[in-house]
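Everything on this sheet refers to the single structure shown next.
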Protein chains: 2
Amino acid sequence: MDATVKRKVRSPKSARPPPLQPVEPAHESDGAHLELRIWLRLLTCATRIEKALNARLRKEFNTTLARFDLLAQLARRPDGASMSEVSDLLMVSNGAITALVQKLEADGMIHREVDSADRRTFRLRLSQDGAKEFGRMARRHEEWVIALIGELSPVAQSDLLQHLTLLKRRLDKHA
Amino acid sequence: MDATVKRKVRSPKSARPPPLQPVEPAHESDGAHLELRIWLRLLTCATRIEKALNARLRKEFNTTLARFDLLAQLARRPDGASMSEVSDLLMVSNGAITALVQKLEADGMIHREVDSADRRTFRLRLSQDGAKEFGRMARRHEEWVIALIGELSPVAQSDLLQHLTLLKRRLDKHA
DNA sequence: CAATAATGTTTCACTCTTAAAATATCTTGT
DNA sequence: ACAAGATATTTTAAGAGTGAAACATTATTG
């Protein structure tokens, strides 16, 4: 994570404006590249939030972030989705989706019906019970996220979202 | 750790300025709260980058991000660290650290010596071979991260880092 | 109209992680 | 000094994820 090794891979130093007035308090800033530090912070924040949400989902609903995310994807797709689509959306392997779906179906949260046009694929849909339960979870989930992130000022939030969106777009292109 | 019964976790709506001029193009913006969308993007970006780095570490060095991160922590601590310290730093459970350390020691990447003052704790240090191998990995790792994130303009990078740092601070306080 | 390729899902063996119990060692208060 | 508690690590069982192979179905093409 650290990579205190210096070696220019990209643009020469002159391309980056010299930090005359350091934008950051330089508290734990070693000489590492900006990119490295961004990645570190990104990972830290995501991990922290993910662990918090997972713990609460487990405690309050005896479920998991993966299950919740799957339900969330179905909730916003009234026409359902196939296993592969869900697999792509959640960035999780096919095998994992199979297991997830089996459990969620056994728990009565989702329906799984063979596609009439292509008997290889399943159409996954939220069941009525699933929709209700997801609604409960989603409300709490939203409260938690707001509690975690909401302390940032609205301006900071909007900026952060913009930058993350930008980053995501670059990552898309990179793939 | 309880955001339990609370309708409004934060300030009432009036505290957030009405978006007369939407700061974001509203391309895929459903009505979800800003916080939710930030969390989603954050998770997406982190997952994408993590998977990319992990795949490359596996392919090129037959290792893993967890191993690399552990080595990185030791690399910046010439006096070494205990298991628990590493566990905290990596935000990974103690059990996982035990397994990680055993493998890394077996591979000759790190030394593990009992602390002379406290026989419960181990002092973990990078071995010479470990330091060399970590150096190689760190150089490549840095290149990868720069390739992934570096397409953002220097200004965007600096902004993003600032905002993530701010977020991390809030998360710290929250815990 | 086969043969072959492509696609969607499942299975499998393996790895990693976690939480909690177990173990070992130190620290403290009396 | 010693019981009680705190701290550091390991063990254990269970849960989840992965990539690759297997399997089933559909598409393509010569």
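Chains: A, B, ... in order of the structure tokens. Residues: from 1 per chain. Ligands: from 1, in order shown.
Superposing chain B onto chain A by least squares over all C-alpha atoms, paired in sequence order, gives an RMSD of 3.2 Å.
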Dump as an NGL selection string the residues of chain D that approach chain B to within 12 Å, counting only C-alpha atoms (C1' of nucleotides). :D and (7-12 or 18-19)
Residues of chain C near chain A: apply a cut-off of 9 Å, count only C-alpha atoms (C1' of nucleotides), and supply the list as a short mmCIF file (atom, residue, chain, number, x, y, z; two decimals) with C-alpha atoms (C1' of nucleotides), in the first residue's frame.
```
data_model
loop_
_atom_site.label_atom_id
_atom_site.label_comp_id
_atom_site.auth_asym_id
_atom_site.auth_seq_id
_atom_site.Cartn_x
_atom_site.Cartn_y
_atom_site.Cartn_z
"C1'" DT C 7 -23.45 -17.98 -23.75
"C1'" DG C 8 -25.68 -18.76 -19.03
"C1'" DT C 9 -25.41 -21.20 -14.95
"C1'" DT C 10 -23.65 -24.56 -11.63
"C1'" DT C 11 -20.17 -27.24 -9.33
#
```
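When only C-alpha atoms are used to measure the gap to chain A, the shortest distance among B:Ala55, B:Ala96, B:Ala72, B:Met137 belongs to B:Ala72.
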For the atom pair atom CA of Arg125 of chain B and atom CA of Arg58 of chain B, what is the interatomic distance in Å to one decimal place? 22.9 Å
Using only C-alpha atoms and a distance of at most 7 Å, pull out the residues of chain A that contact chain B, as a VMD selection string. chain A and resid 1 to 3 5 9 16 24 35 to 36 38 41 to 43 45 to 46 142 to 152 154 156 160 to 161 163 to 165 167 to 168 170 to 171
Residues of segment 34-119 of chain A in alpha helix (DSSP H) according to DSSP, as a CSV table (one decimal) with C-alpha atoms, in the first residue's frame?
```
chain,number,residue,atom,x,y,z
A,34,LEU,CA,-0.6,11.8,-4.9
A,35,GLU,CA,-2.1,8.8,-6.7
A,36,LEU,CA,-0.9,6.4,-4.1
A,37,ARG,CA,-2.2,8.5,-1.3
A,38,ILE,CA,-5.6,8.8,-3.0
A,39,TRP,CA,-5.8,5.1,-3.4
A,40,LEU,CA,-4.9,4.5,0.2
A,41,ARG,CA,-7.5,6.9,1.5
A,42,LEU,CA,-10.1,5.5,-0.9
A,43,LEU,CA,-9.5,2.0,0.3
A,44,THR,CA,-9.5,3.0,4.0
A,45,CYS,CA,-12.8,4.9,3.7
A,46,ALA,CA,-14.5,2.2,1.7
A,47,THR,CA,-13.3,-0.5,4.1
A,48,ARG,CA,-14.4,1.4,7.1
A,49,ILE,CA,-17.9,2.1,5.8
A,50,GLU,CA,-18.3,-1.4,4.5
A,51,LYS,CA,-17.4,-3.0,7.8
A,52,ALA,CA,-19.8,-0.7,9.6
A,53,LEU,CA,-22.7,-1.4,7.3
A,54,ASN,CA,-22.0,-5.1,7.3
A,55,ALA,CA,-21.9,-5.3,11.1
A,56,ARG,CA,-25.2,-3.4,11.4
A,57,LEU,CA,-26.9,-5.4,8.7
A,58,ARG,CA,-25.9,-8.6,10.4
A,59,LYS,CA,-27.0,-7.4,13.9
A,60,GLU,CA,-30.3,-5.8,12.9
A,61,PHE,CA,-31.4,-7.9,10.0
A,65,LEU,CA,-24.1,-6.5,2.4
A,66,ALA,CA,-23.9,-8.8,-0.6
A,67,ARG,CA,-27.4,-9.9,0.0
A,68,PHE,CA,-28.6,-6.4,0.5
A,69,ASP,CA,-26.9,-5.2,-2.7
A,70,LEU,CA,-28.4,-7.9,-4.7
A,71,LEU,CA,-31.9,-7.0,-3.4
A,72,ALA,CA,-31.1,-3.4,-4.2
A,73,GLN,CA,-30.3,-4.2,-7.8
A,74,LEU,CA,-33.5,-6.1,-8.2
A,75,ALA,CA,-35.5,-3.4,-6.4
A,83,MET,CA,-27.8,-14.0,-12.9
A,84,SER,CA,-25.1,-12.7,-15.2
A,85,GLU,CA,-26.4,-9.2,-15.2
A,86,VAL,CA,-26.5,-9.3,-11.4
A,87,SER,CA,-23.0,-10.8,-11.4
A,88,ASP,CA,-21.8,-7.9,-13.4
A,89,LEU,CA,-23.6,-5.3,-11.5
A,90,LEU,CA,-22.3,-6.5,-8.1
A,94,ASN,CA,-20.9,-16.2,-11.2
A,95,GLY,CA,-20.4,-18.9,-8.6
A,96,ALA,CA,-21.0,-16.5,-5.8
A,97,ILE,CA,-24.2,-15.3,-7.4
A,98,THR,CA,-25.5,-18.8,-7.6
A,99,ALA,CA,-25.1,-19.3,-3.9
A,100,LEU,CA,-26.5,-15.9,-3.0
A,101,VAL,CA,-29.6,-16.4,-5.2
A,102,GLN,CA,-30.2,-19.9,-3.8
A,103,LYS,CA,-30.3,-18.6,-0.3
A,104,LEU,CA,-32.4,-15.5,-1.1
A,105,GLU,CA,-34.8,-17.7,-2.9
A,106,ALA,CA,-35.0,-20.2,-0.1
```
Could you tell me how far atom C1' of DT18 of chain C lies from atom CA of Leu124 of chain B, in Å and to one decimal? 22.6 Å
In segment 99-173 of chain B, DSSP strand (DSSP E or B) residues written as a compact mmCIF listing (two decimals) with C-alpha atoms, in the first residue's frame:
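What landed in states28.txt:
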```txt
# COMPACT_ATOMS: atom_id res chain seq x y z
CA ILE B 110 9.70 -11.41 7.12
CA HIS B 111 11.28 -12.25 10.46
CA ARG B 112 9.28 -12.90 13.56
CA GLU B 113 11.08 -12.60 16.85
CA VAL B 114 9.61 -12.68 20.32
CA PHE B 122 6.06 -10.87 18.31
CA ARG B 123 8.13 -8.29 16.58
CA LEU B 124 7.67 -8.52 12.84
CA ARG B 125 10.32 -7.17 10.54
CA LEU B 126 11.02 -7.25 6.85
```
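The interatomic distance for the pair atom C1' of DT27 of chain C and atom C1' of DG5 of chain D works out to 8.5 Å.
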Taking 6 positions as the minimum chain separation for residues in the same chain, which residues sit within 10 Å of DA5 of chain C when counting only C-alpha atoms (C1' of nucleotides)? Answer as a PyMOL selection string. chain D and resi 27-29
